file input-v9.pdb (PDB, C-alpha atoms and all ligand atoms)
ATOM      1  CA  MET A  98      -2.899 -12.058  -1.215  1.00  0.00           C
ATOM      2  CA  ALA A  99       0.169  -9.934  -1.875  1.00  0.00           C
ATOM      3  CA  GLN A 100       2.788 -10.961  -4.425  1.00  0.00           C
ATOM      4  CA  ILE A 101       6.418  -9.846  -4.507  1.00  0.00           C
ATOM      5  CA  HIS A 102       8.481  -8.976  -7.554  1.00  0.00           C
ATOM      6  CA  ILE A 103      12.203  -8.458  -6.970  1.00  0.00           C
ATOM      7  CA  ARG A 104      13.389  -5.960  -9.566  1.00  0.00           C
ATOM      8  CA  ASN A 105      17.078  -6.931  -9.746  1.00  0.00           C
ATOM      9  CA  THR A 106      16.487 -10.608 -10.399  1.00  0.00           C
ATOM     10  CA  GLY A 107      12.958 -10.674 -11.836  1.00  0.00           C
ATOM     11  CA  GLU A 108      12.118 -13.223  -9.151  1.00  0.00           C
ATOM     12  CA  ARG A 109       8.451 -13.469  -8.174  1.00  0.00           C
ATOM     13  CA  LEU A 110       7.075 -14.735  -4.851  1.00  0.00           C
ATOM     14  CA  ALA A 111       3.412 -15.660  -4.706  1.00  0.00           C
ATOM     15  CA  GLY A 112       3.052 -18.332  -1.996  1.00  0.00           C
ATOM     16  CA  GLU A 113       1.621 -17.013   1.256  1.00  0.00           C
ATOM     17  CA  ALA A 114       4.390 -18.382   3.497  1.00  0.00           C
ATOM     18  CA  GLU A 115       7.080 -17.156   1.085  1.00  0.00           C
ATOM     19  CA  VAL A 116       5.576 -13.676   0.874  1.00  0.00           C
ATOM     20  CA  ARG A 117       5.132 -13.373   4.636  1.00  0.00           C
ATOM     21  CA  ASP A 118       8.669 -14.614   5.273  1.00  0.00           C
ATOM     22  CA  PHE A 119      10.179 -12.238   2.699  1.00  0.00           C
ATOM     23  CA  LEU A 120       8.343  -9.182   4.069  1.00  0.00           C
ATOM     24  CA  GLU A 121       9.252 -10.076   7.633  1.00  0.00           C
ATOM     25  CA  ARG A 122      12.932 -10.258   6.671  1.00  0.00           C
ATOM     26  CA  GLN A 123      12.586  -6.822   5.038  1.00  0.00           C
ATOM     27  CA  GLU A 124      10.903  -5.528   8.226  1.00  0.00           C
ATOM     28  CA  VAL A 125       7.699  -4.687   6.360  1.00  0.00           C
ATOM     29  CA  LEU A 126       4.546  -5.333   8.408  1.00  0.00           C
ATOM     30  CA  TYR A 127       2.082  -7.497   6.524  1.00  0.00           C
ATOM     31  CA  GLU A 128      -1.364  -8.598   7.679  1.00  0.00           C
ATOM     32  CA  HIS A 129      -4.559  -9.724   6.016  1.00  0.00           C
ATOM     33  CA  TRP A 130      -8.173  -8.677   6.582  1.00  0.00           C
ATOM     34  CA  ASP A 131     -11.175 -10.550   5.209  1.00  0.00           C
ATOM     35  CA  PRO A 132     -12.176  -8.726   1.991  1.00  0.00           C
ATOM     36  CA  GLU A 133     -15.518 -10.546   2.026  1.00  0.00           C
ATOM     37  CA  LYS A 134     -16.575  -8.623   5.130  1.00  0.00           C
ATOM     38  CA  LEU A 135     -17.232  -5.620   2.927  1.00  0.00           C
ATOM     39  CA  PRO A 136     -20.801  -5.422   1.548  1.00  0.00           C
ATOM     40  CA  GLU A 137     -20.765  -6.669  -2.019  1.00  0.00           C
ATOM     41  CA  SER A 138     -21.939  -3.292  -3.333  1.00  0.00           C
ATOM     42  CA  LEU A 139     -18.670  -1.763  -2.043  1.00  0.00           C
ATOM     43  CA  GLN A 140     -16.281  -4.454  -3.232  1.00  0.00           C
ATOM     44  CA  GLU A 141     -16.182  -3.006  -6.759  1.00  0.00           C
ATOM     45  CA  LYS A 142     -16.948   0.638  -6.039  1.00  0.00           C
ATOM     46  CA  PHE A 143     -14.197   3.229  -6.387  1.00  0.00           C
ATOM     47  CA  ASN A 144     -15.989   6.550  -6.510  1.00  0.00           C
ATOM     48  CA  LEU A 145     -17.210   6.762  -2.932  1.00  0.00           C
ATOM     49  CA  THR A 146     -19.555   9.043  -1.050  1.00  0.00           C
ATOM     50  CA  ASP A 147     -18.622  10.114   2.492  1.00  0.00           C
ATOM     51  CA  GLU A 148     -21.282   7.728   3.755  1.00  0.00           C
ATOM     52  CA  GLU A 149     -19.762   4.803   1.879  1.00  0.00           C
ATOM     53  CA  LYS A 150     -16.324   5.670   3.260  1.00  0.00           C
ATOM     54  CA  GLU A 151     -17.811   5.635   6.769  1.00  0.00           C
ATOM     55  CA  GLU A 152     -19.368   2.254   6.038  1.00  0.00           C
ATOM     56  CA  ILE A 153     -15.976   0.805   5.055  1.00  0.00           C
ATOM     57  CA  LEU A 154     -14.400   2.160   8.239  1.00  0.00           C
ATOM     58  CA  ARG A 155     -17.276   0.721  10.289  1.00  0.00           C
ATOM     59  CA  THR A 156     -16.918  -2.682   8.596  1.00  0.00           C
ATOM     60  CA  TYR A 157     -13.260  -2.922   9.595  1.00  0.00           C
ATOM     61  CA  GLU A 158     -13.519  -1.103  12.907  1.00  0.00           C
ATOM     62  CA  GLU A 159     -12.272  -4.065  14.920  1.00  0.00           C
ATOM     63  CA  GLU A 160      -9.264  -4.642  12.638  1.00  0.00           C
ATOM     64  CA  ILE A 161      -8.448  -0.906  12.575  1.00  0.00           C
ATOM     65  CA  ARG A 162      -8.660  -0.566  16.350  1.00  0.00           C
ATOM     66  CA  SER A 163      -6.490  -3.641  16.864  1.00  0.00           C
ATOM     67  CA  LEU A 164      -3.812  -2.294  14.518  1.00  0.00           C
ATOM     68  CA  ALA A 165      -4.052   1.187  16.041  1.00  0.00           C
ATOM     69  CA  GLN A 166      -3.702  -0.147  19.562  1.00  0.00           C
ATOM     70  CA  ARG A 167      -0.665  -2.241  18.717  1.00  0.00           C
ATOM     71  CA  ARG A 168       1.141   0.403  16.674  1.00  0.00           C
ATOM     72  CA  GLY A 169       0.018   3.764  18.011  1.00  0.00           C
ATOM     73  CA  TYR A 170      -2.160   5.096  15.219  1.00  0.00           C
ATOM     74  CA  VAL A 171      -4.625   7.735  16.355  1.00  0.00           C
ATOM     75  CA  GLN A 172      -6.426   8.675  13.146  1.00  0.00           C
ATOM     76  CA  TRP A 173      -7.621   6.888  10.016  1.00  0.00           C
ATOM     77  CA  ASP A 174      -9.444   7.618   6.808  1.00  0.00           C
ATOM     78  CA  ILE A 175     -10.268   6.203   3.378  1.00  0.00           C
ATOM     79  CA  VAL A 176      -8.503   7.069   0.162  1.00  0.00           C
ATOM     80  CA  SER A 177      -9.766   6.040  -3.264  1.00  0.00           C
ATOM     81  CA  LEU A 178      -8.289   6.398  -6.734  1.00  0.00           C
ATOM     82  CA  SER A 179      -9.779   5.476 -10.086  1.00  0.00           C
ATOM     83  CA  GLU A 180     -10.310   6.778 -13.603  1.00  0.00           C
ATOM     84  CA  GLU A 181     -12.939   9.029 -12.034  1.00  0.00           C
ATOM     85  CA  THR A 182     -10.300  10.780  -9.900  1.00  0.00           C
ATOM     86  CA  PRO A 183      -9.552  14.159 -11.480  1.00  0.00           C
ATOM     87  CA  ASN A 184      -5.954  14.353 -12.751  1.00  0.00           C
ATOM     88  CA  LEU A 185      -5.239  10.678 -12.039  1.00  0.00           C
ATOM     89  CA  ASP A 186      -2.251  10.622 -14.422  1.00  0.00           C
ATOM     90  CA  GLU A 187      -0.694  13.684 -12.820  1.00  0.00           C
ATOM     91  CA  LEU A 188      -1.267  12.264  -9.360  1.00  0.00           C
ATOM     92  CA  LEU A 189       0.377   8.972 -10.304  1.00  0.00           C
ATOM     93  CA  LYS A 190       3.340  10.778 -11.828  1.00  0.00           C
ATOM     94  CA  LYS A 191       3.752  12.637  -8.545  1.00  0.00           C
ATOM     95  CA  PHE A 192       3.431   9.442  -6.507  1.00  0.00           C
ATOM     96  CA  GLU A 193       6.000   7.544  -8.561  1.00  0.00           C
ATOM     97  CA  ASN A 194       9.004   9.279  -7.055  1.00  0.00           C
ATOM     98  CA  VAL A 195      11.068   7.494  -4.444  1.00  0.00           C
ATOM     99  CA  HIS A 196      10.661   9.184  -1.058  1.00  0.00           C
ATOM    100  CA  THR A 197      10.726   8.572   2.675  1.00  0.00           C
ATOM    101  CA  HIS A 198       8.628   9.590   5.689  1.00  0.00           C
ATOM    102  CA  THR A 199       9.596   9.950   9.334  1.00  0.00           C
ATOM    103  CA  GLU A 200       6.524   7.794  10.113  1.00  0.00           C
ATOM    104  CA  ASP A 201       5.574   4.425   8.726  1.00  0.00           C
ATOM    105  CA  GLU A 202       3.082   4.386   5.843  1.00  0.00           C
ATOM    106  CA  VAL A 203       0.179   2.023   6.495  1.00  0.00           C
ATOM    107  CA  ARG A 204      -2.367   1.010   3.909  1.00  0.00           C
ATOM    108  CA  ALA A 205      -5.119  -1.595   4.111  1.00  0.00           C
ATOM    109  CA  ILE A 206      -6.481  -2.312   0.659  1.00  0.00           C
ATOM    110  CA  THR A 207     -10.259  -2.836   0.781  1.00  0.00           C
ATOM    111  CA  ALA A 208     -10.936  -2.917  -2.994  1.00  0.00           C
ATOM    112  CA  GLY A 209      -8.889  -2.907  -6.196  1.00  0.00           C
ATOM    113  CA  ASN A 210      -5.098  -3.154  -6.275  1.00  0.00           C
ATOM    114  CA  GLY A 211      -1.960  -1.175  -5.571  1.00  0.00           C
ATOM    115  CA  ILE A 212       1.807  -1.552  -5.643  1.00  0.00           C
ATOM    116  CA  PHE A 213       4.350  -0.402  -3.113  1.00  0.00           C
ATOM    117  CA  THR A 214       7.864  -0.359  -4.531  1.00  0.00           C
ATOM    118  CA  ILE A 215      10.236  -0.494  -1.575  1.00  0.00           C
ATOM    119  CA  LYS A 216      14.020  -0.358  -1.183  1.00  0.00           C
ATOM    120  CA  GLY A 217      14.985  -3.572   0.565  1.00  0.00           C
ATOM    121  CA  ASP A 218      18.255  -4.586   2.175  1.00  0.00           C
ATOM    122  CA  GLU A 219      21.487  -4.242   0.210  1.00  0.00           C
ATOM    123  CA  GLU A 220      21.362  -7.737  -1.201  1.00  0.00           C
ATOM    124  CA  THR A 221      17.724  -7.494  -2.347  1.00  0.00           C
ATOM    125  CA  GLY A 222      17.456  -3.946  -3.712  1.00  0.00           C
ATOM    126  CA  TYR A 223      14.088  -2.596  -4.827  1.00  0.00           C
ATOM    127  CA  PHE A 224      11.074  -4.891  -4.797  1.00  0.00           C
ATOM    128  CA  ASP A 225       7.408  -4.424  -5.722  1.00  0.00           C
ATOM    129  CA  VAL A 226       4.656  -5.557  -3.373  1.00  0.00           C
ATOM    130  CA  GLU A 227       1.518  -6.080  -5.441  1.00  0.00           C
ATOM    131  CA  LEU A 228      -1.498  -5.739  -3.199  1.00  0.00           C
ATOM    132  CA  SER A 229      -5.110  -6.800  -3.516  1.00  0.00           C
ATOM    133  CA  ALA A 230      -8.224  -6.486  -1.336  1.00  0.00           C
ATOM    134  CA  GLY A 231      -7.527  -7.594   2.227  1.00  0.00           C
ATOM    135  CA  ASP A 232      -3.789  -6.886   2.150  1.00  0.00           C
ATOM    136  CA  VAL A 233      -2.467  -4.641   4.923  1.00  0.00           C
ATOM    137  CA  ILE A 234       1.063  -3.290   4.691  1.00  0.00           C
ATOM    138  CA  SER A 235       3.230  -0.839   6.561  1.00  0.00           C
ATOM    139  CA  VAL A 236       6.331   0.603   4.918  1.00  0.00           C
ATOM    140  CA  PRO A 237       8.750   1.318   7.787  1.00  0.00           C
ATOM    141  CA  GLU A 238       9.727   4.901   8.581  1.00  0.00           C
ATOM    142  CA  ASN A 239      12.739   6.283   6.679  1.00  0.00           C
ATOM    143  CA  THR A 240      12.539   3.499   4.082  1.00  0.00           C
ATOM    144  CA  PRO A 241      12.660   4.679   0.438  1.00  0.00           C
ATOM    145  CA  HIS A 242       9.470   3.703  -1.422  1.00  0.00           C
ATOM    146  CA  PHE A 243       6.639   4.842  -3.644  1.00  0.00           C
ATOM    147  CA  PHE A 244       3.065   3.790  -4.362  1.00  0.00           C
ATOM    148  CA  THR A 245       1.388   3.263  -7.701  1.00  0.00           C
ATOM    149  CA  LEU A 246      -1.614   1.517  -9.208  1.00  0.00           C
ATOM    150  CA  MET A 247      -1.761  -1.679 -11.198  1.00  0.00           C
ATOM    151  CA  GLU A 248      -3.198  -1.976 -14.702  1.00  0.00           C
ATOM    152  CA  ASN A 249      -6.823  -1.697 -13.541  1.00  0.00           C
ATOM    153  CA  ARG A 250      -5.921   1.718 -12.088  1.00  0.00           C
ATOM    154  CA  ARG A 251      -8.256   1.584  -9.130  1.00  0.00           C
ATOM    155  CA  VAL A 252      -7.929   1.173  -5.406  1.00  0.00           C
ATOM    156  CA  VAL A 253      -9.663   1.865  -2.115  1.00  0.00           C
ATOM    157  CA  ALA A 254      -7.518   1.814   1.011  1.00  0.00           C
ATOM    158  CA  VAL A 255      -7.642   2.659   4.705  1.00  0.00           C
ATOM    159  CA  ARG A 256      -4.782   4.936   5.809  1.00  0.00           C
ATOM    160  CA  LEU A 257      -3.733   5.097   9.461  1.00  0.00           C
ATOM    161  CA  PHE A 258      -1.653   7.855  11.001  1.00  0.00           C
ATOM    162  CA  ILE A 259       0.287   8.439  14.184  1.00  0.00           C
ATOM    163  CA  ASP A 260       0.463  12.158  13.408  1.00  0.00           C
ATOM    164  CA  PRO A 261      -1.100  13.219  10.095  1.00  0.00           C
ATOM    165  CA  SER A 262       0.597  16.598  10.214  1.00  0.00           C
ATOM    166  CA  GLY A 263       4.009  14.904  10.302  1.00  0.00           C
ATOM    167  CA  TRP A 264       3.258  12.720   7.304  1.00  0.00           C
ATOM    168  CA  VAL A 265       5.352  14.512   4.720  1.00  0.00           C
ATOM    169  CA  ALA A 266       7.160  12.980   1.731  1.00  0.00           C
ATOM    170  CA  HIS A 267      10.906  13.622   1.637  1.00  0.00           C
ATOM    171  CA  PRO A 268      12.315  13.018  -1.868  1.00  0.00           C
ATOM    172  CA  TYR A 269      15.032  10.361  -1.950  1.00  0.00           C
ATOM    173  CA  GLN A 270      17.555  10.646  -4.768  1.00  0.00           C
ATOM    174  CA  ASP A 271      18.857   7.207  -5.606  1.00  0.00           C
ATOM    175  CA  PRO A 272      21.053   6.517  -8.633  1.00  0.00           C
ATOM    176  CA  ALA A 273      20.520   2.791  -7.966  1.00  0.00           C
ATOM    177  CA  PHE A 274      16.801   3.081  -8.689  1.00  0.00           C
ATOM    178  CA  VAL A 275      15.692   2.120 -12.196  1.00  0.00           C
ATOM    179  CA  LYS A 276      12.171   3.339 -12.900  1.00  0.00           C
ATOM    180  CA  GLU A 277      11.249   0.803 -15.564  1.00  0.00           C
ATOM    181  CA  SER A 278      10.782  -2.539 -13.924  1.00  0.00           C
ATOM    182  CA  SER A 279      10.925  -5.777 -15.832  1.00  0.00           C
ATOM    183  CA  ARG A 280       7.638  -6.710 -14.224  1.00  0.00           C
ATOM    184  CA  MET A 281       5.856  -9.532 -15.950  1.00  0.00           C
ATOM    185  CA  LYS A 282       2.336  -8.646 -16.993  1.00  0.00           C
TER     186      LYS A 282
HETATM  187 FE    FE A 301       4.952   7.373   0.891  1.00  0.00          FE
END

call {"tool": "encode", "arguments": {"input": "input-v9.pdb", "output": "structure tokens"}}
result
Amino acid sequence: MAQIHIRNTGERLAGEAEVRDFLERQEVLYEHWDPEKLPESLQEKFNLTDEEKEEILRTYEEEIRSLAQRRGYVQWDIVSLSEETPNLDELLKKFENVHTHTEDEVRAITAGNGIFTIKGDEETGYFDVELSAGDVISVPENTPHFFTLMENRRVVAVRLFIDPSGWVAHPYQDPAFVKESSRMK
């Protein structure tokens, strides 16, 4: 279940109703898939073969098709990151820059963890959404954000696209953004 950390106040939201309500107010889509549906052998596996990626997509086919039908996604794939990913540190450094897309950015976490840091409404400012297996999130189009890993540095996620060729990161310069969060460990 996702948890929220509001950077300006240090406030943390962990209750399901609270988290859902907060994300709804920030216009961030949040859903939950059953992480137990995944075969146990894939629940802790982060270096995946093409076959294993296909198996994950097959496991969640119903959930993917439902989301795609409701929101217009036409293509999906699996992305995985872990210590076994070549140049993980460089990749993360690249990811950790605030940017926007003209499409929404959808991720369904199927194993491991990830964080989306998102610019909320004026009153809220930047907040972190800490995700674990089963969490499905969509960062709205044109909303400043970035993605990073948590301390375990590993994640597997389904990505869904309306138009993969249009999914480009536009850097967003924001003097209000402070990179170091006061996140509690
Ligand atoms: Fe992005």

call {"tool": "closest_residue", "arguments": {"input": "input-v9.pdb", "among": "A:Ile259, A:Leu139, A:Leu178, A:Val265", "to": "Asn210 of chain A", "atoms": "all atoms listed in the file"}}
result
A:Leu178

call {"tool": "closest_residue", "arguments": {"input": "input-v9.pdb", "among": "A:Pro261, A:Gly231, A:Pro272, A:Pro241", "to": "ligand FE 301 (chain A)", "atoms": "all atoms listed in the file"}}
result
A:Pro241

call {"tool": "residues_near_ligand", "arguments": {"input": "input-v9.pdb", "ligand": "ligand FE 301 (chain A)", "cutoff": "9 Å", "atoms": "all atoms listed in the file", "output": "PyMOL selection string"}}
result
chain A and resi 192+195-198+201-202+213+236+241-244+264-267

call {"tool": "atom_distance", "arguments": {"input": "input-v9.pdb", "atom1": "atom CA of Asn194 of chain A", "atom2": "atom CA of Ile103 of chain A"}}
result
18.0 Å

call {"tool": "closest_residue", "arguments": {"input": "input-v9.pdb", "among": "A:Arg256, A:Arg162, A:Arg251, A:Lys216", "to": "Arg104 of chain A", "atoms": "all atoms listed in the file"}}
result
A:Lys216

call {"tool": "resolve_selection", "arguments": {"input": "input-v9.pdb", "expression": "the PyMOL selection byres (((chain A and resi 253) around 6) and not hetatm)", "output": "ChimeraX atom specification"}}
result
/A:176-177,206-208,252,254

call {"tool": "atom_distance", "arguments": {"input": "input-v9.pdb", "atom1": "atom CA of Arg117 of chain A", "atom2": "atom CA of Lys134 of chain A"}}
result
22.2 Å

call {"tool": "resolve_selection", "arguments": {"input": "input-v9.pdb", "expression": "the PyMOL selection byres (((chain A and resi 260) around 10) and not hetatm)", "output": "list in words"}}
result
Gly169, Tyr170, Val171, Gln172, Glu200, Leu257, Phe258, Ile259, Pro261, Ser262, Gly263 and Trp264 of chain A

call {"tool": "closest_residue", "arguments": {"input": "input-v9.pdb", "among": "A:Ile175, A:Met247, A:Val203, A:Val275", "to": "Gly222 of chain A", "atoms": "only C-alpha atoms"}}
result
A:Val275

call {"tool": "closest_residue", "arguments": {"input": "input-v9.pdb", "among": "A:Ile234, A:Leu246, A:Leu145, A:Leu228", "to": "Leu188 of chain A", "atoms": "only C-alpha atoms"}}
result
A:Leu246

call {"tool": "atom_distance", "arguments": {"input": "input-v9.pdb", "atom1": "atom CA of Glu133 of chain A", "atom2": "atom CA of Asp174 of chain A"}}
result
19.7 Å

call {"tool": "closest_residue", "arguments": {"input": "input-v9.pdb", "among": "A:Leu189, A:Trp130, A:Glu158, A:Pro183", "to": "Asn144 of chain A", "atoms": "only C-alpha atoms"}}
result
A:Pro183

call {"tool": "axis_aligned_box", "arguments": {"input": "input-v9.pdb", "around": "segment 242-254 of chain A", "padding_each_side": "8 Å", "output": "JSON"}}
result
{"center_x": -0.1, "center_y": 1.4, "center_z": -6.8, "size_x": 35.1, "size_y": 22.8, "size_z": 31.7}

call {"tool": "resolve_selection", "arguments": {"input": "input-v9.pdb", "expression": "the PyMOL selection byres (((chain A and resi 116) around 12) and not hetatm)", "output": "ChimeraX atom specification"}}
result
/A:98-103,108-115,117-123,125-128,224-228,232,234
